[in-house]
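Reproduced below: coords.pdb, with PDB, C-alpha atoms.
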```pdb
MODEL        1
ATOM      1  CA  MET A1078       0.000   0.000   0.000
ATOM      2  CA  ASP A1079       1.417   3.361  -0.983
ATOM      3  CA  VAL A1080       1.186   6.316   1.337
ATOM      4  CA  PHE A1081       1.153   9.841   0.061
ATOM      5  CA  ASP A1082       1.683  12.670   2.548
ATOM      6  CA  PRO A1083       2.390  15.891   0.696
ATOM      7  CA  PHE A1084       2.229  18.088   3.772
ATOM      8  CA  LEU A1085       4.674  16.305   6.129
ATOM      9  CA  GLU A1086       3.536  18.536   8.975
ATOM     10  CA  ALA A1087       3.611  17.192  12.518
ATOM     11  CA  LYS A1088       2.285  20.275  14.333
ATOM     12  CA  GLU A1089      -1.498  20.093  14.568
ATOM     13  CA  SER A1090      -1.781  23.874  14.818
ATOM     14  CA  LYS A1091      -0.200  24.156  11.371
ATOM     15  CA  VAL A1092      -2.198  21.282   9.887
ATOM     16  CA  ALA A1093      -5.435  23.108  10.644
ATOM     17  CA  ARG A1094      -4.215  26.034   8.542
ATOM     18  CA  ILE A1095      -3.410  24.028   5.399
ATOM     19  CA  SER A1096      -5.188  25.872   2.636
ATOM     20  CA  ARG A1097      -8.182  24.538   0.783
ATOM     21  CA  SER A1098      -6.309  24.854  -2.509
ATOM     22  CA  SER A1099      -3.380  22.824  -1.143
ATOM     23  CA  ILE A1100      -5.747  20.053  -0.056
ATOM     24  CA  ILE A1101      -7.426  20.040  -3.460
ATOM     25  CA  ASP A1102      -4.103  20.007  -5.337
ATOM     26  CA  ALA A1103      -2.743  17.123  -3.248
ATOM     27  CA  ALA A1104      -5.908  15.047  -3.629
ATOM     28  CA  LEU A1105      -6.063  15.639  -7.389
ATOM     29  CA  LYS A1106      -2.413  14.648  -7.738
ATOM     30  CA  LEU A1107      -2.989  11.432  -5.825
ATOM     31  CA  GLY A1108      -6.271  10.655  -7.567
ATOM     32  CA  ALA A1109      -4.692  11.107 -11.010
ATOM     33  CA  ASN A1110      -2.741   7.881 -10.512
ATOM     34  CA  PRO A1111      -4.617   5.181 -12.470
ATOM     35  CA  LEU A1112      -3.937   2.657  -9.675
ATOM     36  CA  VAL A1113      -5.787   4.776  -7.106
ATOM     37  CA  GLU A1114      -9.393   3.686  -6.533
ATOM     38  CA  ALA A1115     -10.231   6.196  -3.785
ATOM     39  CA  VAL A1116      -8.607   9.096  -1.962
ATOM     40  CA  PHE A1117      -8.494   9.223   1.836
ATOM     41  CA  VAL A1118      -7.577  12.542   3.440
ATOM     42  CA  ASN A1119      -6.165  11.432   6.764
ATOM     43  CA  CYS A1120      -6.145  13.925   9.609
ATOM     44  CA  THR A1121      -8.991  15.230  11.700
ATOM     45  CA  ASN A1122      -7.518  18.742  11.600
ATOM     46  CA  ILE A1123      -7.538  19.022   7.810
ATOM     47  CA  ILE A1124     -10.713  20.876   6.905
ATOM     48  CA  THR A1125     -12.379  18.959   4.084
ATOM     49  CA  PHE A1126     -16.132  19.419   4.548
ATOM     50  CA  ASP A1127     -16.579  21.683   1.524
ATOM     51  CA  VAL A1128     -13.781  20.076  -0.499
ATOM     52  CA  VAL A1129     -14.832  16.417  -0.695
ATOM     53  CA  PRO A1130     -17.898  16.682  -2.998
ATOM     54  CA  GLY A1131     -16.044  18.675  -5.654
ATOM     55  CA  LEU A1132     -13.081  16.315  -5.516
ATOM     56  CA  GLU A1133     -15.337  13.311  -6.000
ATOM     57  CA  ASP A1134     -16.866  14.985  -9.051
ATOM     58  CA  ARG A1135     -13.496  15.897 -10.531
ATOM     59  CA  LEU A1136     -11.855  12.522  -9.841
ATOM     60  CA  ASN A1137     -14.920  10.365 -10.475
ATOM     61  CA  GLN A1138     -14.019   8.234  -7.473
ATOM     62  CA  PRO A1139     -14.700   8.200  -3.727
ATOM     63  CA  VAL A1140     -12.952  10.791  -1.570
ATOM     64  CA  LEU A1141     -13.109  10.213   2.170
ATOM     65  CA  SER A1142     -11.902  12.219   5.134
ATOM     66  CA  SER A1143     -11.066  11.135   8.665
ATOM     67  CA  ASN A1144     -13.946  13.105  10.165
ATOM     68  CA  GLN A1145     -16.422  11.840   7.587
ATOM     69  CA  SER A1146     -15.353   8.236   8.168
ATOM     70  CA  LEU A1147     -15.553   8.667  11.943
ATOM     71  CA  ALA A1148     -19.084  10.092  11.671
ATOM     72  CA  TRP A1149     -20.193   7.182   9.470
ATOM     73  CA  HIS A1150     -18.683   4.696  11.918
ATOM     74  CA  MET A1151     -20.385   6.339  14.913
ATOM     75  CA  ARG A1152     -23.712   6.296  13.076
ATOM     76  CA  ARG A1153     -23.277   2.618  12.292
ATOM     77  CA  LEU A1154     -22.443   1.819  15.916
ATOM     78  CA  ASN A1155     -25.475   3.789  17.072
ATOM     79  CA  SER A1156     -27.855   1.917  14.796
ATOM     80  CA  ALA A1157     -26.538  -1.540  15.732
TER      81      ALA A1157
ENDMDL
END
```

Show this structure as structure tokens.
Amino acid sequence: MDVFDPFLEAKESKVARISRSSIIDAALKLGANPLVEAVFVNCTNIITFDVVPGLEDRLNQPVLSSNQSLAWHMRRLNSA
């Protein structure tokens, strides 16, 4: 499994300030690889709420974020 971390930032306070355009550029770069079937934006401090739908449209593949995946998991646990 390949890992792609274009930001290489360990300080959470800086991660939260990564620009929307940087997130989009990184996801599009990763998603352009023909071997990639989905893009996962991993970090709860990266703000992706308004970015994910447009990325899915542009890449024509699933784009998931940590917060989105956590919310889905919590909903599933709650309905079990």

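The space separating CA of Gln1145 (chain A) from CA of Phe1126 (chain A) comes to 8.2 Å.
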
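CA of Glu1114 (chain A) lies 29.1 Å from CA of Lys1088 (chain A).
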
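Selection check: the PyMOL selection byres ((chain A and resi 1133) around 12) on the shown file gives Ile1101, Ala1104, Leu1105, Gly1108, Ala1109, Glu1114, Ala1115, Val1116, Phe1117, Thr1125, Asp1127, Val1128, Val1129, Pro1130, Gly1131, Leu1132, Asp1134, Arg1135, Leu1136, Asn1137, Gln1138, Pro1139, Val1140, Leu1141 and Ser1142 of chain A.
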
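You will find CA of Ala1103 (chain A) at 9.4 Å from CA of Val1118 (chain A).
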
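Between Thr1121 (chain A) and the residues A:Val1092, A:Ala1157, A:Ala1087, A:Met1151, the shortest atom-to-atom distance, using only C-alpha atoms, involves A:Val1092.
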
| query | Using only C-alpha atoms, which of A:Ile1095, A:Leu1107, A:Cys1120, A:Leu1085 sits nearest Ser1146 (chain A)? | reply | A:Cys1120

Give the padded box for region 1127-1136 of chain A as AutoDock Vina command-line options: axis-aligned, covering all atoms listed in the file, 6 Å on each side, centre and edge lengths in Å to one decimal.
```
--center_x -14.9 --center_y 17.1 --center_z -4.5 --size_x 18.0 --size_y 21.2 --size_z 24.1
```

| Residues within 8 Å of Ala1093 (chain A), all atoms listed in the file, excluding chain neighbours under 5 positions, as a ChimeraX atom specification | /A:1122-1124
